[in-house]
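Asks: I'm passing along my_file19.pdb; it holds PDB, C-alpha atoms and all ligand atoms.
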```
MODEL        1
ATOM      1  CA  MET A   1       1.781  18.312 -22.562
ATOM      2  CA  LYS A   2      -1.083  18.374 -20.076
ATOM      3  CA  ILE A   3      -2.546  15.146 -18.680
ATOM      4  CA  VAL A   4      -5.532  14.767 -16.373
ATOM      5  CA  LEU A   5      -5.320  12.220 -13.570
ATOM      6  CA  ALA A   6      -8.926  11.346 -12.761
ATOM      7  CA  THR A   7      -9.276   9.944  -9.253
ATOM      8  CA  SER A   8     -10.833  11.039  -6.003
ATOM      9  CA  ASN A   9      -8.425   9.004  -3.844
ATOM     10  CA  SER A  10      -5.658  11.324  -2.590
ATOM     11  CA  HIS A  11      -3.553   8.387  -1.415
ATOM     12  CA  LYS A  12      -3.611   6.905  -4.903
ATOM     13  CA  ILE A  13      -2.555  10.270  -6.376
ATOM     14  CA  MET A  14       0.438  10.319  -4.012
ATOM     15  CA  GLU A  15       1.437   6.767  -4.978
ATOM     16  CA  ILE A  16       1.008   7.395  -8.702
ATOM     17  CA  LYS A  17       3.052  10.616  -8.606
ATOM     18  CA  ASP A  18       5.865   8.780  -6.843
ATOM     19  CA  ILE A  19       5.741   5.825  -9.276
ATOM     20  CA  ILE A  20       5.952   8.025 -12.394
ATOM     21  CA  LYS A  21       8.176  10.724 -10.858
ATOM     22  CA  ASP A  22      10.905  10.340 -13.499
ATOM     23  CA  ILE A  23       8.562  11.584 -16.249
ATOM     24  CA  LEU A  24       6.705  14.234 -14.261
ATOM     25  CA  ASP A  25       8.998  16.997 -15.558
ATOM     26  CA  LYS A  26       7.713  16.256 -19.071
ATOM     27  CA  PHE A  27       4.021  16.614 -18.219
ATOM     28  CA  GLU A  28       1.732  18.930 -16.396
ATOM     29  CA  LEU A  29      -0.336  16.475 -14.338
ATOM     30  CA  LEU A  30      -3.723  17.902 -13.406
ATOM     31  CA  ALA A  31      -5.449  15.924 -10.648
ATOM     32  CA  MET A  32      -9.189  15.892 -11.097
ATOM     33  CA  LYS A  33     -11.454  14.851  -8.220
ATOM     34  CA  PHE A  34     -13.684  12.295  -9.659
ATOM     35  CA  ASN A  35     -16.577  10.063  -8.693
ATOM     36  CA  VAL A  36     -18.454   7.979 -11.229
ATOM     37  CA  GLU A  37     -20.534   4.884 -10.681
ATOM     38  CA  GLU A  38     -18.171   1.918 -11.068
ATOM     39  CA  ASN A  39     -20.691  -0.454 -12.615
ATOM     40  CA  GLY A  40     -18.474  -2.192 -15.190
ATOM     41  CA  LYS A  41     -17.877  -5.930 -15.147
ATOM     42  CA  THR A  42     -14.093  -5.600 -15.281
ATOM     43  CA  TYR A  43     -11.397  -3.300 -13.868
ATOM     44  CA  GLU A  44     -10.678  -2.282 -17.448
ATOM     45  CA  GLU A  45     -14.278  -1.219 -18.118
ATOM     46  CA  ASN A  46     -14.349   0.916 -14.977
ATOM     47  CA  ALA A  47     -10.954   2.545 -15.579
ATOM     48  CA  LEU A  48     -11.849   3.242 -19.210
ATOM     49  CA  LYS A  49     -15.182   4.776 -18.212
ATOM     50  CA  LYS A  50     -13.431   7.189 -15.801
ATOM     51  CA  ALA A  51     -10.664   8.137 -18.240
ATOM     52  CA  LYS A  52     -13.128   8.652 -21.091
ATOM     53  CA  ILE A  53     -15.452  10.892 -19.053
ATOM     54  CA  ALA A  54     -12.470  12.974 -17.905
ATOM     55  CA  TYR A  55     -11.263  13.303 -21.516
ATOM     56  CA  GLU A  56     -14.725  14.267 -22.769
ATOM     57  CA  LYS A  57     -15.097  16.893 -20.037
ATOM     58  CA  THR A  58     -11.637  18.445 -20.395
ATOM     59  CA  LYS A  59     -10.526  17.552 -23.955
ATOM     60  CA  ILE A  60      -7.172  16.748 -22.369
ATOM     61  CA  PRO A  61      -5.635  13.213 -22.511
ATOM     62  CA  SER A  62      -6.683  11.535 -19.281
ATOM     63  CA  ILE A  63      -5.502   8.768 -16.994
ATOM     64  CA  ALA A  64      -7.691   6.745 -14.629
ATOM     65  CA  ASP A  65      -7.290   3.461 -12.833
ATOM     66  CA  ASP A  66      -9.418   0.838 -11.182
ATOM     67  CA  SER A  67      -8.104  -1.621  -8.656
ATOM     68  CA  GLY A  68      -9.110  -4.162  -6.082
ATOM     69  CA  LEU A  69      -8.188  -7.070  -3.844
ATOM     70  CA  THR A  70      -9.144 -10.674  -4.636
ATOM     71  CA  ILE A  71      -9.082 -13.167  -1.763
ATOM     72  CA  ASP A  72      -9.218 -16.729  -3.089
ATOM     73  CA  ALA A  73     -11.012 -18.090  -0.009
ATOM     74  CA  LEU A  74     -13.744 -15.429  -0.382
ATOM     75  CA  PRO A  75     -13.999 -15.466  -4.167
ATOM     76  CA  ASP A  76     -17.002 -13.241  -4.838
ATOM     77  CA  LEU A  77     -16.722 -10.816  -1.961
ATOM     78  CA  LEU A  78     -14.204  -8.216  -3.150
ATOM     79  CA  GLY A  79     -12.412  -8.129  -6.519
ATOM     80  CA  ILE A  80     -14.037  -5.520  -8.698
ATOM     81  CA  LYS A  81     -16.423  -4.765  -5.796
ATOM     82  CA  SER A  82     -13.564  -3.994  -3.341
ATOM     83  CA  ALA A  83     -14.447  -0.318  -2.970
ATOM     84  CA  ARG A  84     -18.091  -1.138  -2.232
ATOM     85  CA  PHE A  85     -17.556  -3.840   0.433
ATOM     86  CA  MET A  86     -19.123  -2.561   3.714
ATOM     87  CA  GLU A  87     -19.157   0.826   2.019
ATOM     88  CA  GLU A  88     -20.176   2.935   5.009
ATOM     89  CA  LYS A  89     -17.600   1.374   7.368
ATOM     90  CA  SER A  90     -14.001   2.285   8.103
ATOM     91  CA  TYR A  91     -11.157   0.213   6.668
ATOM     92  CA  GLU A  92     -10.327  -0.906  10.198
ATOM     93  CA  GLU A  93     -13.806  -2.454  10.453
ATOM     94  CA  LYS A  94     -13.637  -3.901   6.946
ATOM     95  CA  ASN A  95     -10.236  -5.466   7.595
ATOM     96  CA  MET A  96     -11.344  -6.839  10.973
ATOM     97  CA  THR A  97     -14.420  -8.396   9.350
ATOM     98  CA  LEU A  98     -12.311 -10.032   6.623
ATOM     99  CA  LEU A  99      -9.900 -11.442   9.233
ATOM    100  CA  LYS A 100     -12.844 -12.877  11.195
ATOM    101  CA  MET A 101     -14.270 -14.495   8.055
ATOM    102  CA  LEU A 102     -10.854 -16.061   7.422
ATOM    103  CA  ARG A 103     -10.075 -17.079  11.004
ATOM    104  CA  ASN A 104     -10.274 -20.843  10.298
ATOM    105  CA  VAL A 105      -8.551 -20.642   6.920
ATOM    106  CA  PRO A 106      -4.981 -22.061   6.980
ATOM    107  CA  ASP A 107      -1.998 -20.159   5.599
ATOM    108  CA  GLU A 108      -1.801 -22.047   2.315
ATOM    109  CA  GLU A 109      -5.413 -21.096   1.507
ATOM    110  CA  ARG A 110      -5.056 -17.408   2.361
ATOM    111  CA  THR A 111      -3.725 -16.483  -1.075
ATOM    112  CA  ALA A 112      -4.800 -13.116  -2.475
ATOM    113  CA  ARG A 113      -3.810 -10.538  -5.052
ATOM    114  CA  PHE A 114      -4.150  -6.854  -5.755
ATOM    115  CA  THR A 115      -4.915  -5.902  -9.361
ATOM    116  CA  CYS A 116      -4.698  -2.484 -10.974
ATOM    117  CA  VAL A 117      -5.705  -1.479 -14.491
ATOM    118  CA  ALA A 118      -4.556   1.961 -15.617
ATOM    119  CA  VAL A 119      -5.992   3.527 -18.770
ATOM    120  CA  PHE A 120      -4.577   6.449 -20.751
ATOM    121  CA  TYR A 121      -7.296   7.863 -23.017
ATOM    122  CA  ASP A 122      -6.510  10.337 -25.780
ATOM    123  CA  GLY A 123      -9.421   9.593 -28.090
ATOM    124  CA  SER A 124      -8.488   5.919 -28.045
ATOM    125  CA  PRO A 125      -7.729   3.729 -25.020
ATOM    126  CA  HIS A 126      -4.299   2.469 -23.958
ATOM    127  CA  VAL A 127      -4.570  -0.154 -21.222
ATOM    128  CA  PHE A 128      -1.901  -1.260 -18.689
ATOM    129  CA  LYS A 129      -2.338  -3.941 -16.008
ATOM    130  CA  GLY A 130      -0.420  -4.840 -12.865
ATOM    131  CA  VAL A 131      -0.861  -7.624 -10.309
ATOM    132  CA  MET A 132       0.753  -8.128  -6.880
ATOM    133  CA  GLU A 133       0.407 -11.666  -5.503
ATOM    134  CA  GLY A 134       0.400 -12.375  -1.776
ATOM    135  CA  LYS A 135      -1.648 -13.663   1.135
ATOM    136  CA  ILE A 136      -3.890 -12.350   3.896
ATOM    137  CA  SER A 137      -2.255 -11.959   7.316
ATOM    138  CA  HIS A 138      -3.761 -13.190  10.605
ATOM    139  CA  GLU A 139      -3.855  -9.723  12.148
ATOM    140  CA  MET A 140      -3.767  -6.096  11.046
ATOM    141  CA  ARG A 141      -0.218  -4.721  10.980
ATOM    142  CA  GLY A 142       1.285  -1.389   9.932
ATOM    143  CA  LYS A 143       0.209   2.210   9.511
ATOM    144  CA  ASN A 144       1.420   3.046   5.986
ATOM    145  CA  GLY A 145      -0.528   2.794   2.762
ATOM    146  CA  PHE A 146      -4.322   2.686   2.753
ATOM    147  CA  GLY A 147      -7.344   0.432   2.356
ATOM    148  CA  TYR A 148      -6.555  -3.260   2.694
ATOM    149  CA  ASP A 149      -2.780  -2.738   3.089
ATOM    150  CA  PRO A 150      -2.708  -3.717   6.816
ATOM    151  CA  ILE A 151      -3.872  -7.297   6.025
ATOM    152  CA  PHE A 152      -1.964  -7.995   2.785
ATOM    153  CA  ILE A 153       1.473  -9.683   2.784
ATOM    154  CA  PRO A 154       3.165  -9.606  -0.637
ATOM    155  CA  GLU A 155       4.787 -12.810  -1.914
ATOM    156  CA  GLY A 156       8.384 -13.094  -0.671
ATOM    157  CA  TYR A 157       7.807 -10.732   2.300
ATOM    158  CA  ASP A 158       6.817 -11.235   5.918
ATOM    159  CA  LYS A 159       5.543  -7.679   6.344
ATOM    160  CA  THR A 160       2.169  -6.329   5.278
ATOM    161  CA  THR A 161       2.132  -3.592   2.635
ATOM    162  CA  ALA A 162       1.142  -1.217   5.454
ATOM    163  CA  GLU A 163       4.455  -2.050   7.188
ATOM    164  CA  LEU A 164       6.505  -1.366   4.053
ATOM    165  CA  GLU A 165       7.843   2.100   3.357
ATOM    166  CA  GLN A 166       5.914   3.802   0.570
ATOM    167  CA  SER A 167       9.027   3.584  -1.625
ATOM    168  CA  GLU A 168       9.226  -0.212  -1.046
ATOM    169  CA  LYS A 169       5.539  -0.714  -1.867
ATOM    170  CA  ASN A 170       6.038   1.355  -5.008
ATOM    171  CA  LEU A 171       8.696  -1.086  -6.257
ATOM    172  CA  ILE A 172       6.390  -4.116  -6.194
ATOM    173  CA  SER A 173       2.760  -3.017  -6.166
ATOM    174  CA  HIS A 174       0.020  -3.700  -8.703
ATOM    175  CA  ARG A 175      -0.285   0.070  -9.207
ATOM    176  CA  ALA A 176       3.475   0.435  -9.735
ATOM    177  CA  LYS A 177       3.506  -2.301 -12.396
ATOM    178  CA  ALA A 178       0.564  -0.811 -14.301
ATOM    179  CA  PHE A 179       1.768   2.808 -14.064
ATOM    180  CA  ARG A 180       5.409   2.045 -14.911
ATOM    181  CA  ASN A 181       4.158   0.482 -18.166
ATOM    182  CA  LEU A 182       1.954   3.513 -18.754
ATOM    183  CA  ALA A 183       4.925   5.825 -18.096
ATOM    184  CA  ASP A 184       7.051   3.836 -20.600
ATOM    185  CA  TYR A 185       4.286   4.297 -23.171
ATOM    186  CA  LEU A 186       4.158   8.059 -22.526
ATOM    187  CA  LYS A 187       7.962   8.281 -22.881
ATOM    188  CA  ARG A 188       7.695   6.517 -26.263
ATOM    189  CA  ILE A 189       4.990   8.814 -27.638
ATOM    190  CA  LEU A 190       6.933  11.876 -26.517
ATOM    191  CA  LYS A 191      10.005  10.890 -28.523
TER     192      LYS A 191
HETATM  193  P1  LIG A 201     -10.815   1.988  -6.687
HETATM  194  O1  LIG A 201      -9.685   1.548  -7.570
HETATM  195  O2  LIG A 201     -10.703   3.426  -6.304
HETATM  196  O3  LIG A 201     -12.147   1.605  -7.245
HETATM  197  O4  LIG A 201     -10.671   1.231  -5.298
HETATM  198  C1  LIG A 201     -10.465  -0.149  -5.199
HETATM  199  C2  LIG A 201     -10.525  -0.711  -3.807
HETATM  200  O5  LIG A 201      -9.415  -1.561  -3.583
HETATM  201  C3  LIG A 201     -10.545   0.290  -2.672
HETATM  202  O6  LIG A 201     -11.393  -0.226  -1.691
HETATM  203  C4  LIG A 201      -9.127   0.325  -2.191
HETATM  204  O7  LIG A 201      -9.015   0.571  -0.867
HETATM  205  C5  LIG A 201      -8.628  -1.072  -2.518
HETATM  206  N1  LIG A 201      -7.236  -0.972  -2.958
HETATM  207  C6  LIG A 201      -6.785  -0.742  -4.205
HETATM  208  N2  LIG A 201      -5.440  -0.626  -4.221
HETATM  209  C7  LIG A 201      -5.049  -0.785  -2.939
HETATM  210  C8  LIG A 201      -3.774  -0.744  -2.324
HETATM  211  O8  LIG A 201      -2.723  -0.499  -2.936
HETATM  212  N3  LIG A 201      -3.773  -0.953  -0.993
HETATM  213  C9  LIG A 201      -4.900  -1.186  -0.281
HETATM  214  N4  LIG A 201      -6.118  -1.207  -0.798
HETATM  215  C10 LIG A 201      -6.196  -1.004  -2.141
ENDMDL
END
```
With the file now loaded, output its structure as structure tokens.

Replies:
Amino acid sequence: MKIVLATSNSHKIMEIKDIIKDILDKFELLAMKFNVEENGKTYEENALKKAKIAYEKTKIPSIADDSGLTIDALPDLLGIKSARFMEEKSYEEKNMTLLKMLRNVPDEERTARFTCVAVFYDGSPHVFKGVMEGKISHEMRGKNGFGYDPIFIPEGYDKTTAELEQSEKNLISHRAKAFRNLADYLKRILK
């Protein structure tokens, strides 16, 4: 069975392939570079829009995701708009700006979470969600991962997700939770 993975983020593709590696022998996963305007009001709307367009273009069942970081102390800044925050700037600049905005915010108010919604579309939508709770660090740390990883400390850890090995992040991340559920669904329909 062929499945299209519709995303333009090569780092995400790497993470997703690692997360669903135990079912990759059962599918031919075709990565499709993809950029659509993410103008939905929810992660689900955006992920569904991407998966649906990919399906309509290719006639092959398609997977897409949408994700973002919510910082409770800066409630309307990121979330579904995470990819568009300071759009032209590097992640180093974005992360530095966020840390500056939070410089007087105490630890207990630095709570944050990553959310991922993955959609498998085969003519009808199948939706899977994952959340990783945590808090924002006081400085950027680590070189792994991407995006906001250097300033996010998952609950129960003292390292940022950029300091974790990719395999460790893939055990606990929002994307891992959503895509493991999606992989379980694919295993069921293959039986
Ligand atoms: P999108 O899902 O491609 O629309 O991107 C969502 C935004 O959230 C981007 O700015 C990403 O950098 C950020 N983001 C999503 N997941 C992660 C993650 O696992 N680590 C760091 N940043 C992330």

Asks: Show me which residues sit within 6 Å of ligand LIG 201 (chain A) when counting only C-alpha atoms and all ligand atoms, and put them as an MDAnalysis selection string.

Replies: chainID A and resid 66:69 82:83 146:149

Asks: From the options A:Ile23, A:Ile53, A:Val119, A:Met14, which residue's atoms come nearest to Leu190 of chain A, counting all atoms listed in the file?

Replies: A:Ile23

Asks: Taking only C-alpha atoms into account, which of A:Thr7, A:Ser90, A:Asn104, A:Asn181 comes nearest Lys129 of chain A?

Replies: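 The closest residue to Lys129 of chain A is A:Asn181.
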
Asks: Please write as an MDAnalysis selection string the full residue list that the PyMOL selection byres (((chain A and resi 173) around 8) and not hetatm) yields on this file.

Replies: chainID A and resid 114 130:132 169:172 174:177

Asks: With all atoms listed in the file as the atoms that count, which of A:Lys12, A:Lys21, A:Lys2, A:Arg113 lies nearest to Ile60 of chain A?

Replies: A:Lys2

Asks: Using only C-alpha atoms, list the residues that have an atom at most 12 Å from (-6.1, -16.1, 3.3), coordinates as in the file, as a VMD selection string.

Replies: chain A and resid 69 to 75 98 to 113 133 to 139 151 to 154

Asks: Using only C-alpha atoms, which protein or nucleic acid residues come within 7 Å of segment 44-50 of chain A? Drop anything in the same chain fewer than 6 positions from it, and give the result as a list in words.

Replies: Ala6, Val36, Glu38, Ala64, Asp65, Asp66, Val117, Ala118 and Val119 of chain A
